[in-house]
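J.: This is structure-v8.csv (CSV, C-alpha atoms and all ligand atoms).
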```csv
chain,number,residue,atom,x,y,z
A,1048,MET,CA,-96.2,-40.6,17.3
A,1049,ASN,CA,-98.0,-42.3,20.3
A,1050,LYS,CA,-101.2,-43.8,19.1
A,1051,ASP,CA,-102.5,-44.1,22.7
A,1052,LEU,CA,-102.7,-40.4,23.0
A,1053,GLU,CA,-104.9,-39.9,20.0
A,1054,LYS,CA,-108.1,-40.7,22.1
A,1055,TYR,CA,-107.8,-37.4,23.9
A,1056,ALA,CA,-108.4,-35.5,20.7
A,1057,HIS,CA,-112.1,-36.5,21.1
A,1058,ILE,CA,-112.8,-35.0,24.5
A,1059,PRO,CA,-112.6,-31.4,25.8
A,1060,LEU,CA,-109.2,-31.1,27.7
A,1061,LYS,CA,-108.9,-29.0,30.8
A,1062,GLN,CA,-105.4,-27.7,31.5
A,1063,LEU,CA,-103.8,-27.4,34.9
A,1064,ASN,CA,-103.1,-23.9,36.3
A,1065,ASN,CA,-100.0,-22.6,34.6
A,1066,ARG,CA,-98.5,-19.4,36.3
A,1067,VAL,CA,-95.4,-17.8,34.8
A,1068,TRP,CA,-92.7,-15.6,36.2
A,1069,ARG,CA,-92.4,-12.1,34.8
A,1070,THR,CA,-90.4,-8.9,35.7
A,1071,TYR,CA,-93.5,-7.2,37.1
A,1072,GLU,CA,-95.7,-7.9,40.1
A,1073,GLY,CA,-99.4,-8.8,40.0
A,1074,GLY,CA,-101.6,-11.8,39.8
A,1075,ALA,CA,-104.2,-11.2,42.6
A,1076,LEU,CA,-107.0,-10.9,40.1
A,1077,ILE,CA,-106.0,-14.2,38.5
A,1078,ASP,CA,-106.4,-15.8,41.9
A,1079,ARG,CA,-109.8,-14.1,42.2
A,1080,TRP,CA,-110.8,-15.4,38.8
A,1081,LYS,CA,-109.6,-18.9,39.7
A,1082,LYS,CA,-111.4,-18.6,43.1
A,1083,THR,CA,-108.2,-19.4,45.0
A,1084,SER,CA,-107.3,-17.7,48.2
A,1085,PRO,CA,-105.5,-15.8,49.4
A,1086,GLU,CA,-105.4,-13.4,46.4
A,1087,ILE,CA,-101.7,-12.6,46.1
A,1088,ASP,CA,-99.7,-10.1,44.0
A,1089,GLY,CA,-96.3,-11.5,43.4
A,1090,ALA,CA,-93.8,-12.4,40.7
A,1091,MET,CA,-96.1,-14.8,38.8
A,1092,PRO,CA,-98.6,-12.3,37.3
A,1093,GLU,CA,-99.5,-14.3,34.2
A,1094,GLU,CA,-101.4,-17.5,33.5
A,1095,TRP,CA,-100.4,-19.1,30.2
A,1096,ILE,CA,-103.1,-21.0,28.3
A,1097,MET,CA,-102.7,-23.7,25.7
A,1098,SER,CA,-99.0,-23.0,25.6
A,1099,THR,CA,-96.6,-25.2,23.7
A,1100,VAL,CA,-93.8,-22.6,24.1
A,1101,THR,CA,-91.5,-22.0,27.1
A,1102,ALA,CA,-91.1,-18.6,28.8
A,1103,ARG,CA,-87.8,-16.7,28.6
A,1104,GLY,CA,-86.7,-15.6,32.1
A,1105,ASN,CA,-83.3,-15.7,33.9
A,1106,ASN,CA,-82.6,-18.8,36.0
A,1107,ARG,CA,-86.1,-20.1,35.6
A,1108,PRO,CA,-87.2,-23.8,35.1
A,1109,GLU,CA,-86.6,-24.9,31.6
A,1110,ASP,CA,-90.1,-26.0,30.9
A,1111,GLU,CA,-91.8,-22.9,32.5
A,1112,GLY,CA,-94.8,-21.8,30.4
A,1113,LEU,CA,-95.7,-25.2,28.9
A,1114,SER,CA,-99.4,-26.2,29.5
A,1115,LEU,CA,-100.1,-29.5,31.2
A,1116,ILE,CA,-103.3,-31.6,30.9
A,1117,GLU,CA,-104.5,-34.2,33.4
A,1118,THR,CA,-105.4,-37.4,31.6
A,1119,GLU,CA,-106.1,-41.1,32.6
A,1120,ASP,CA,-102.5,-41.7,31.5
A,1121,GLY,CA,-101.2,-39.1,34.0
A,1122,THR,CA,-100.2,-35.5,33.6
A,1123,LEU,CA,-99.1,-34.8,30.0
A,1124,ALA,CA,-97.8,-31.7,28.3
A,1125,LEU,CA,-100.3,-30.4,25.7
A,1126,LYS,CA,-97.4,-30.4,23.3
A,1127,GLU,CA,-96.9,-34.1,23.7
A,1128,LEU,CA,-100.6,-34.8,23.1
A,1129,ILE,CA,-100.6,-32.6,20.0
A,1130,ASN,CA,-97.4,-34.3,18.7
A,1131,SER,CA,-99.1,-37.7,18.9
A,1132,ASN,CA,-101.2,-36.7,15.8
A,1133,VAL,CA,-100.8,-33.1,14.8
A,1134,GLU,CA,-103.5,-33.1,12.1
A,1135,LEU,CA,-106.0,-34.7,14.4
A,1136,TYR,CA,-105.5,-32.2,17.2
A,1137,LEU,CA,-104.9,-29.0,15.3
A,1138,GLY,CA,-106.6,-29.6,11.9
A,1139,LYS,CA,-105.0,-30.1,8.5
A,1140,ALA,CA,-104.5,-26.5,7.5
A,1141,LEU,CA,-102.6,-25.6,10.7
A,1142,ALA,CA,-100.7,-28.9,10.7
A,1143,ASP,CA,-99.5,-28.3,7.2
A,1144,LYS,CA,-98.7,-24.6,7.6
A,1145,PHE,CA,-97.0,-24.5,11.0
A,1146,GLY,CA,-97.2,-27.9,12.7
A,1147,THR,CA,-97.9,-26.1,16.0
A,1148,THR,CA,-100.8,-24.3,17.5
A,1149,GLY,CA,-99.6,-21.0,16.2
A,1150,VAL,CA,-101.1,-19.1,19.1
A,1151,LEU,CA,-100.5,-18.3,22.8
A,1152,ILE,CA,-103.1,-17.1,25.3
A,1153,LYS,CA,-102.4,-15.4,28.6
A,1154,MET,CA,-104.3,-13.9,31.5
A,1155,LEU,CA,-102.2,-11.0,32.8
A,1156,ASP,CA,-102.8,-9.0,35.9
A,1157,SER,CA,-100.5,-6.0,36.7
A,1158,LYS,CA,-100.1,-4.6,40.1
A,1159,GLU,CA,-97.3,-2.3,38.8
A,1160,ARG,CA,-96.8,-0.8,35.4
A,1161,LEU,CA,-94.9,-3.1,33.0
A,1162,THR,CA,-91.7,-1.8,31.4
A,1163,VAL,CA,-92.0,0.1,28.1
A,1164,GLN,CA,-91.4,-2.5,25.4
A,1165,VAL,CA,-91.9,-3.6,21.8
A,1166,HIS,CA,-92.2,-7.0,20.1
A,1167,PRO,CA,-91.0,-8.1,16.7
A,1168,ASP,CA,-93.2,-8.0,13.6
A,1169,LYS,CA,-93.0,-11.0,11.3
A,1170,GLU,CA,-90.2,-9.5,9.2
A,1171,TYR,CA,-88.0,-8.7,12.1
A,1172,ALA,CA,-88.7,-12.1,13.7
A,1173,LYS,CA,-87.7,-13.9,10.5
A,1174,THR,CA,-84.5,-11.9,9.9
A,1175,VAL,CA,-83.3,-11.5,13.5
A,1176,PHE,CA,-84.6,-14.6,15.2
A,1177,ASN,CA,-85.2,-16.9,12.2
A,1178,SER,CA,-88.7,-17.4,13.7
A,1179,GLU,CA,-91.9,-17.8,11.7
A,1180,PHE,CA,-93.7,-15.9,14.4
A,1181,GLY,CA,-93.3,-12.4,15.7
A,1182,LYS,CA,-95.3,-11.3,18.7
A,1183,THR,CA,-98.3,-9.3,17.5
A,1184,GLU,CA,-100.7,-9.4,20.5
A,1185,SER,CA,-104.1,-8.3,21.5
A,1186,TRP,CA,-105.5,-7.1,24.9
A,1187,TYR,CA,-109.1,-7.6,26.0
A,1188,VAL,CA,-109.6,-5.8,29.3
A,1189,LEU,CA,-111.6,-8.0,31.7
A,1190,ASN,CA,-111.3,-6.2,35.0
A,1191,THR,CA,-109.4,-3.2,36.5
A,1192,ARG,CA,-108.4,-1.8,39.9
A,1193,GLU,CA,-107.0,1.5,41.1
A,1194,ILE,CA,-103.6,1.0,42.6
A,1195,ASP,CA,-102.2,3.7,44.9
A,1196,GLY,CA,-104.9,6.1,43.5
A,1197,GLU,CA,-103.7,5.5,39.9
A,1198,LYS,CA,-106.4,4.9,37.3
A,1199,PRO,CA,-105.8,1.9,35.1
A,1200,VAL,CA,-104.1,2.9,31.8
A,1201,VAL,CA,-102.2,1.5,28.9
A,1202,TYR,CA,-99.5,3.3,26.8
A,1203,MET,CA,-99.1,2.8,23.1
A,1204,GLY,CA,-97.7,4.3,19.9
A,1205,PHE,CA,-95.4,7.3,19.4
A,1206,LYS,CA,-96.9,10.7,19.6
A,1207,LYS,CA,-96.5,13.1,16.6
A,1208,HIS,CA,-93.3,14.8,17.7
A,1209,VAL,CA,-91.3,11.7,18.5
A,1210,THR,CA,-88.2,11.0,16.4
A,1211,ARG,CA,-85.8,8.0,16.4
A,1212,ALA,CA,-83.1,10.2,17.8
A,1213,GLU,CA,-85.2,11.4,20.7
A,1214,TRP,CA,-86.2,7.8,21.5
A,1215,ARG,CA,-82.6,6.7,21.4
A,1216,LEU,CA,-81.6,9.5,23.7
A,1217,HIS,CA,-84.2,8.6,26.3
A,1218,PHE,CA,-83.0,5.0,26.2
A,1219,GLU,CA,-79.4,6.0,26.6
A,1220,ASN,CA,-80.2,8.3,29.5
A,1221,GLN,CA,-82.7,5.9,30.9
A,1222,ASN,CA,-85.2,8.8,31.0
A,1223,ILE,CA,-88.2,6.8,31.8
A,1224,GLN,CA,-90.6,9.7,32.2
A,1225,GLY,CA,-89.3,11.0,28.9
A,1226,MET,CA,-90.2,7.6,27.3
A,1227,LEU,CA,-93.6,7.5,28.8
A,1228,ASP,CA,-94.3,11.1,27.6
A,1229,CYS,CA,-93.5,9.9,24.0
A,1230,LEU,CA,-96.4,7.4,24.1
A,1231,HIS,CA,-100.2,7.9,24.2
A,1232,LYS,CA,-101.7,7.2,27.6
A,1233,ILE,CA,-105.2,5.7,27.4
A,1234,GLU,CA,-107.4,5.1,30.4
A,1235,VAL,CA,-109.1,1.6,30.2
A,1236,LYS,CA,-112.2,-0.1,31.5
A,1237,PRO,CA,-113.5,-3.6,31.3
A,1238,GLY,CA,-114.6,-4.4,27.8
A,1239,ASP,CA,-111.9,-2.3,26.0
A,1240,ALA,CA,-109.9,-4.2,23.4
A,1241,PHE,CA,-106.7,-3.3,21.6
A,1242,MET,CA,-104.5,-4.8,18.9
A,1243,ILE,CA,-100.8,-4.3,19.6
A,1244,TYR,CA,-99.0,-5.1,16.3
A,1245,GLY,CA,-95.3,-6.0,16.2
A,1246,GLY,CA,-93.2,-2.8,16.2
A,1247,VAL,CA,-95.6,-0.7,18.2
A,1248,PRO,CA,-94.1,0.6,21.5
A,1249,HIS,CA,-96.3,-0.1,24.5
A,1250,ALA,CA,-96.6,-0.6,28.2
A,1251,ILE,CA,-99.5,-1.9,30.3
A,1252,GLY,CA,-100.2,0.3,33.3
A,1253,SER,CA,-100.9,-0.9,36.9
A,1254,GLY,CA,-104.3,-2.3,37.7
A,1255,CYS,CA,-105.1,-4.1,34.4
A,1256,PHE,CA,-106.5,-7.6,34.3
A,1257,LEU,CA,-106.6,-8.7,30.7
A,1258,MET,CA,-106.7,-11.6,28.3
A,1259,GLU,CA,-104.0,-11.5,25.8
A,1260,VAL,CA,-104.1,-13.6,22.6
A,1261,GLN,CA,-100.9,-13.4,20.7
A,1262,GLU,CA,-98.4,-15.0,18.4
A,1263,PRO,CA,-96.6,-17.8,20.2
A,1264,THR,CA,-93.2,-16.4,21.1
A,1265,ASP,CA,-91.7,-14.7,24.1
A,1266,TYR,CA,-89.6,-12.1,22.3
A,1267,THR,CA,-89.9,-8.9,24.3
A,1268,MET,CA,-87.5,-6.0,23.7
A,1269,ARG,CA,-87.5,-3.7,26.8
A,1270,VAL,CA,-86.1,-0.2,27.0
A,1271,GLU,CA,-86.2,0.1,30.8
A,1272,LYS,CA,-83.2,-1.3,32.6
A,1273,THR,CA,-84.9,-1.1,36.0
A,1274,THR,CA,-88.6,-1.9,36.5
A,1275,PRO,CA,-91.0,0.5,38.3
A,1276,ASN,CA,-90.5,-1.7,41.4
A,1277,GLY,CA,-86.7,-1.4,41.2
A,1278,LEU,CA,-85.9,-4.8,39.7
A,1279,THR,CA,-82.8,-4.7,37.5
A,1280,ILE,CA,-83.4,-6.1,34.0
A,1281,GLY,CA,-80.3,-7.9,32.6
A,1282,PRO,CA,-79.1,-7.3,29.0
A,1283,GLU,CA,-80.6,-10.6,27.8
A,1284,LEU,CA,-84.1,-9.4,28.7
A,1285,ILE,CA,-83.4,-5.9,27.3
A,1286,HIS,CA,-82.4,-7.1,23.8
A,1287,GLN,CA,-82.9,-10.9,23.7
A,1288,GLY,CA,-79.2,-11.3,22.9
A,1289,VAL,CA,-79.2,-9.2,19.7
A,1290,GLY,CA,-77.6,-6.1,21.2
A,1291,GLU,CA,-79.0,-2.6,21.9
A,1292,GLU,CA,-78.6,-1.3,18.4
A,1293,LYS,CA,-80.7,-4.1,16.9
A,1294,MET,CA,-83.2,-3.8,19.7
A,1295,LEU,CA,-83.8,-0.2,18.8
A,1296,GLU,CA,-84.5,-1.3,15.2
A,1297,CYS,CA,-87.5,-3.4,16.4
A,1298,PHE,CA,-89.6,-0.2,16.9
A,1299,HIS,CA,-91.6,1.2,14.1
A,1300,TYR,CA,-90.9,4.9,14.2
A,1301,ASP,CA,-94.4,5.9,13.0
A,1302,ASN,CA,-96.2,8.9,14.6
A,1303,TYR,CA,-99.9,9.1,15.7
A,1304,THR,CA,-102.3,11.6,17.2
A,1305,LEU,CA,-104.4,10.1,19.9
A,1306,ASP,CA,-107.3,9.8,17.6
A,1307,GLU,CA,-105.2,8.1,15.0
A,1308,ALA,CA,-103.9,5.7,17.6
A,1309,LEU,CA,-107.4,4.8,18.8
A,1310,GLU,CA,-108.5,4.4,15.2
A,1311,ALA,CA,-105.6,2.1,14.4
A,1312,TRP,CA,-105.6,-0.1,17.5
A,1313,LYS,CA,-108.8,0.2,19.6
A,1314,ILE,CA,-111.3,-2.5,18.5
A,1315,THR,CA,-115.1,-2.3,18.7
A,1316,PRO,CA,-116.6,-5.7,19.4
A,1317,GLU,CA,-119.4,-6.8,17.0
A,1318,VAL,CA,-122.4,-9.1,17.6
A,1319,LEU,CA,-122.2,-12.1,15.2
A,1320,GLU,CA,-125.3,-14.0,16.4
A,1321,SER,CA,-127.7,-13.8,19.2
A,1322,SER,CA,-130.9,-15.4,20.6
A,1323,SER,CA,-132.8,-15.3,23.9
A,1324,GLU,CA,-130.2,-17.8,25.2
A,1325,PHE,CA,-126.9,-16.4,23.9
A,1326,THR,CA,-124.9,-13.6,22.4
A,1327,LEU,CA,-121.8,-14.4,20.3
A,1328,ARG,CA,-119.5,-11.4,19.8
A,1329,THR,CA,-116.3,-11.1,17.8
A,1330,LEU,CA,-113.4,-9.0,19.1
A,1331,PHE,CA,-110.3,-9.8,17.1
A,1332,ASN,CA,-110.8,-11.4,13.7
A,1333,LYS,CA,-109.5,-11.3,10.1
A,1334,LYS,CA,-110.3,-7.6,9.8
A,1335,HIS,CA,-107.5,-7.0,12.3
A,1336,THR,CA,-105.0,-9.9,11.9
A,1337,ASN,CA,-104.6,-13.4,10.5
A,1338,CYS,CA,-102.4,-14.3,13.5
A,1339,PHE,CA,-105.3,-15.3,15.8
A,1340,GLY,CA,-108.9,-14.6,16.7
A,1341,LEU,CA,-111.0,-14.0,19.8
A,1342,SER,CA,-114.8,-14.2,20.3
A,1343,GLU,CA,-116.9,-14.1,23.4
A,1344,LEU,CA,-120.0,-16.2,24.1
A,1345,LEU,CA,-122.4,-14.8,26.7
A,1346,LEU,CA,-124.6,-17.8,27.6
A,1347,ASP,CA,-127.8,-18.1,29.5
A,1348,GLY,CA,-129.2,-21.3,28.1
A,1349,THR,CA,-127.9,-23.6,25.4
A,1350,HIS,CA,-125.6,-23.0,22.4
A,1351,THR,CA,-123.8,-25.4,20.0
A,1352,ILE,CA,-120.5,-24.5,18.6
A,1353,LYS,CA,-119.6,-26.3,15.4
A,1354,GLY,CA,-116.0,-27.1,14.8
A,1355,ASN,CA,-114.5,-25.6,11.6
A,1356,SER,CA,-111.7,-28.1,11.2
A,1357,CYS,CA,-109.3,-26.3,13.5
A,1358,PHE,CA,-108.8,-26.4,17.3
A,1359,TYR,CA,-109.8,-23.6,19.6
A,1360,ALA,CA,-109.6,-22.8,23.3
A,1361,ALA,CA,-112.6,-22.0,25.5
A,1362,VAL,CA,-111.7,-20.0,28.6
A,1363,ILE,CA,-114.5,-19.8,31.2
A,1364,TYR,CA,-114.3,-16.3,32.6
A,1365,SER,CA,-117.5,-16.7,34.7
A,1366,GLY,CA,-120.4,-19.0,35.2
A,1367,GLU,CA,-120.8,-22.7,35.1
A,1368,GLY,CA,-122.6,-25.5,33.3
A,1369,THR,CA,-122.1,-28.6,31.1
A,1370,MET,CA,-120.6,-29.4,27.7
A,1371,ILE,CA,-122.0,-32.2,25.6
A,1372,CYS,CA,-119.4,-33.6,23.3
A,1373,ASN,CA,-119.6,-36.9,21.4
A,1374,ASN,CA,-122.6,-37.9,23.5
A,1375,LYS,CA,-120.8,-37.5,26.8
A,1376,GLU,CA,-121.3,-34.7,29.3
A,1377,TYR,CA,-118.5,-32.7,31.0
A,1378,THR,CA,-118.8,-29.9,33.5
A,1379,PHE,CA,-117.3,-26.4,33.1
A,1380,SER,CA,-116.9,-23.6,35.6
A,1381,GLN,CA,-115.2,-20.3,36.1
A,1382,GLY,CA,-111.5,-20.5,35.8
A,1383,ASP,CA,-111.4,-23.5,33.4
A,1384,GLU,CA,-109.2,-23.4,30.4
A,1385,ILE,CA,-110.4,-26.0,27.8
A,1386,PHE,CA,-108.6,-27.2,24.7
A,1387,ILE,CA,-111.0,-28.4,22.0
A,1388,SER,CA,-109.2,-30.2,19.3
A,1389,ALA,CA,-110.0,-30.1,15.5
A,1390,ALA,CA,-111.3,-33.7,15.7
A,1391,ILE,CA,-114.3,-32.5,17.7
A,1392,SER,CA,-117.1,-31.6,15.3
A,1393,GLU,CA,-119.4,-29.8,17.7
A,1394,ILE,CA,-119.9,-29.0,21.4
A,1395,THR,CA,-123.1,-27.9,23.1
A,1396,PHE,CA,-122.6,-25.6,26.0
A,1397,VAL,CA,-125.4,-25.5,28.5
A,1398,SER,CA,-125.2,-23.0,31.3
A,1399,LYS,CA,-126.3,-23.6,34.8
A,1400,GLU,CA,-125.5,-20.0,35.7
A,1401,PRO,CA,-125.1,-17.2,33.1
A,1402,SER,CA,-121.6,-17.7,31.7
A,1403,LYS,CA,-119.0,-15.7,29.8
A,1404,ILE,CA,-116.8,-17.9,27.7
A,1405,LEU,CA,-113.9,-16.6,25.8
A,1406,LEU,CA,-113.2,-18.5,22.5
A,1407,CYS,CA,-109.6,-18.2,21.3
A,1408,TYR,CA,-108.6,-19.2,17.8
A,1409,PRO,CA,-105.4,-19.9,16.0
A,1410,PRO,CA,-104.0,-18.2,12.8
A,1411,ASN,CA,-106.4,-18.3,9.9
B,1,LIG,O1,-91.4,-7.5,30.4
B,1,LIG,P1,-92.2,-8.3,31.3
B,1,LIG,O2,-92.5,-7.5,32.6
B,1,LIG,O3,-91.7,-9.6,31.6
B,1,LIG,O4,-93.6,-8.4,30.7
B,1,LIG,C1,-93.8,-9.1,29.5
B,1,LIG,C2,-95.3,-9.0,29.1
B,1,LIG,O5,-95.5,-7.8,28.5
B,1,LIG,C3,-96.8,-7.6,27.9
B,1,LIG,O6,-96.9,-6.4,27.3
B,1,LIG,C4,-97.1,-8.8,27.0
B,1,LIG,O7,-96.3,-8.7,25.9
B,1,LIG,C5,-96.9,-10.1,27.6
B,1,LIG,O8,-97.1,-11.1,26.7
B,1,LIG,C6,-95.6,-10.2,28.2
B,1,LIG,O9,-95.4,-11.4,28.9
```
Mind turning this structure into structure tokens?
Ligand SMILES: O=P(O)(O)OC[C@H]1O[C@@H](O)[C@@H](O)[C@@H](O)[C@@H]1O
T.:
Amino acid sequence: MNKDLEKYAHIPLKQLNNRVWRTYEGGALIDRWKKTSPEIDGAMPEEWIMSTVTARGNNRPEDEGLSLIETEDGTLALKELINSNVELYLGKALADKFGTTGVLIKMLDSKERLTVQVHPDKEYAKTVFNSEFGKTESWYVLNTREIDGEKPVVYMGFKKHVTRAEWRLHFENQNIQGMLDCLHKIEVKPGDAFMIYGGVPHAIGSGCFLMEVQEPTDYTMRVEKTTPNGLTIGPELIHQGVGEEKMLECFHYDNYTLDEALEAWKITPEVLESSSEFTLRTLFNKKHTNCFGLSELLLDGTHTIKGNSCFYAAVIYSGEGTMICNNKEYTFSQGDEIFISAAISEITFVSKEPSKILLCYPPN
């Protein structure tokens, strides 16, 4: 424990940009959101937020994915700050239960379709990876673009006719169109929100800029050995070292009509509180999962957020203003990613321009 680092638990902490390599191309809309130019689609299509976990890629830097914070003591990993006093930063409940943040947040922008994939549920994660966390995730679509005339879509869930044997055959034959035809294809627009539980097959189509709040692991089982852009995916990234047979067991072979799929996974946001100065909406909450939460604050004035003894992250999607915290004033603006530790009992956000602030919560 480093006592000197405890002081940072009492101020809002802005993280440095934190782009991560993936197998798919994209990222121009992350540049646009960050107001950096030129806006470039490339191999770093994700921004990882409040990350205390590293990314799994081949021949990539060992600490890729870890969030860094600029402080008076220099640039420090968020993980190091938290470890200086886990209870102070994360809150007692989380400190006792996991000892880590328990959540990972990403901004993801796809120029090409991602590979068809699945993530572990908690049971698979425990038995196969000896991990407390699987990778249940959620998508909140923020912006879209049409790429090569293709409407933005996502794929999820097995259609009614799909069997385990058919899925295996498509994998063995690398029949990508066959795999895509097994899944429901859903056109998306900004504001759409989906839960993607561990075990559910899915793929994000091209042209989706979304926020993903998820369990904090990077376990992805991919069934495509070549990406749409022609990149070869090595065995390690196909099955994470557990072999193809075990990889195929990660899927839940449940079948859905399109209506059943939408009913199970598409979320309707609900207004929690509103006034002439703000609207607070919940997207993902206890009704959907206890792994994480996401709310959205639309601010045109002042609103105070009381702490509830756990940390959260405020991601500024648009707008600018000030935050008043422990009698000091700090600025916020579009593109900021702010860690607010459990030690902060309240923060007052005052907008200078109408602002959209995404509030991401840990497990509850
Ligand atoms: O398989 P690649 O292209 O690396 O993409 C992996 C990405 O897939 C998405 O569906 C999400 O699960 C992201 O959290 C993940 O980073």
J.: For a quick check of understanding, using all atoms listed in the file, which of A:Phe1205, A:Phe1218, A:Phe1145, A:Trp1080 has the smallest distance to Ala1308 of chain A?
T.: A:Phe1205
J.: Which chains and residue numbers are within 8 Å of ligand LIG 1 (chain B), counting all atoms listed in the file, if I want them as a PyMOL selection string?
T.: chain A and resi 1068-1071+1093+1104+1153+1155+1161-1166+1182+1184+1249-1251+1259+1261+1265+1267-1269+1274+1284
J.: Here is a test: counting all atoms listed in the file, which residue of A:Glu1310, A:Glu1127, A:Glu1376, A:Glu1117 is nearest to His1335 of chain A?
T.: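 Checking each of A:Glu1310, A:Glu1127, A:Glu1376, A:Glu1117 against His1335 of chain A, counting all atoms listed in the file, the winner is A:Glu1310.
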J.: Which residues are close to Lys1333 of chain A, i.e. within 12 Å by only C-alpha atoms, leaving aside same-chain residues fewer than 6 positions away? Reply as a list in words.
T.: Phe1339, Gly1340, Leu1341, Ser1342, Tyr1408, Pro1409, Pro1410 and Asn1411 of chain A
J.: Near Lys1353 of chain A, within 9 Å and counting all atoms listed in the file, which residues show up once chain neighbours fewer than 5 positions away are dropped, as a PyMOL selection string?
T.: chain A and resi 1391-1395
J.: With distances taken over only C-alpha atoms, which residue among A:Met1258, A:Ile1058, A:Lys1081, A:Asp1143 lies nearest Asp1239 of chain A?
T.: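 Smallest separation from Asp1239 of chain A among the options: A:Met1258.
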J.: Write out as an mmCIF file with C-alpha atoms, in the frame of the given file each polymer residue whose atoms come within 8 Å of Val1067 of chain A, counting only C-alpha atoms; drop sequence neighbours fewer than 2 positions from it.
T.:
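In the end it all went to part_33.cif:
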```cif
data_model
loop_
_atom_site.group_PDB
_atom_site.id
_atom_site.type_symbol
_atom_site.label_atom_id
_atom_site.label_comp_id
_atom_site.auth_asym_id
_atom_site.auth_seq_id
_atom_site.Cartn_x
_atom_site.Cartn_y
_atom_site.Cartn_z
ATOM 1 C CA ASN A 1065 -100.000 -22.600 34.600
ATOM 2 C CA ARG A 1069 -92.400 -12.100 34.800
ATOM 3 C CA MET A 1091 -96.100 -14.800 38.800
ATOM 4 C CA PRO A 1092 -98.600 -12.300 37.300
ATOM 5 C CA GLU A 1093 -99.500 -14.300 34.200
ATOM 6 C CA GLU A 1094 -101.400 -17.500 33.500
ATOM 7 C CA TRP A 1095 -100.400 -19.100 30.200
ATOM 8 C CA ALA A 1102 -91.100 -18.600 28.800
ATOM 9 C CA GLU A 1111 -91.800 -22.900 32.500
ATOM 10 C CA GLY A 1112 -94.800 -21.800 30.400
#
```
J.: Let me make sure I understand: among A:Leu1227, A:Ala1390, A:Ser1157, A:Val1150, which one has the smallest atom-to-atom distance to Cys1357 of chain A if we use all atoms listed in the file?
T.: A:Ala1390
J.: Tell me which protein, DNA and RNA residues are within 9 Å of Ile1087 of chain A, counting only C-alpha atoms, leaving out same-chain ones fewer than 4 positions away, and put them as a ChimeraX atom specification.
T.: /A:1073-1078
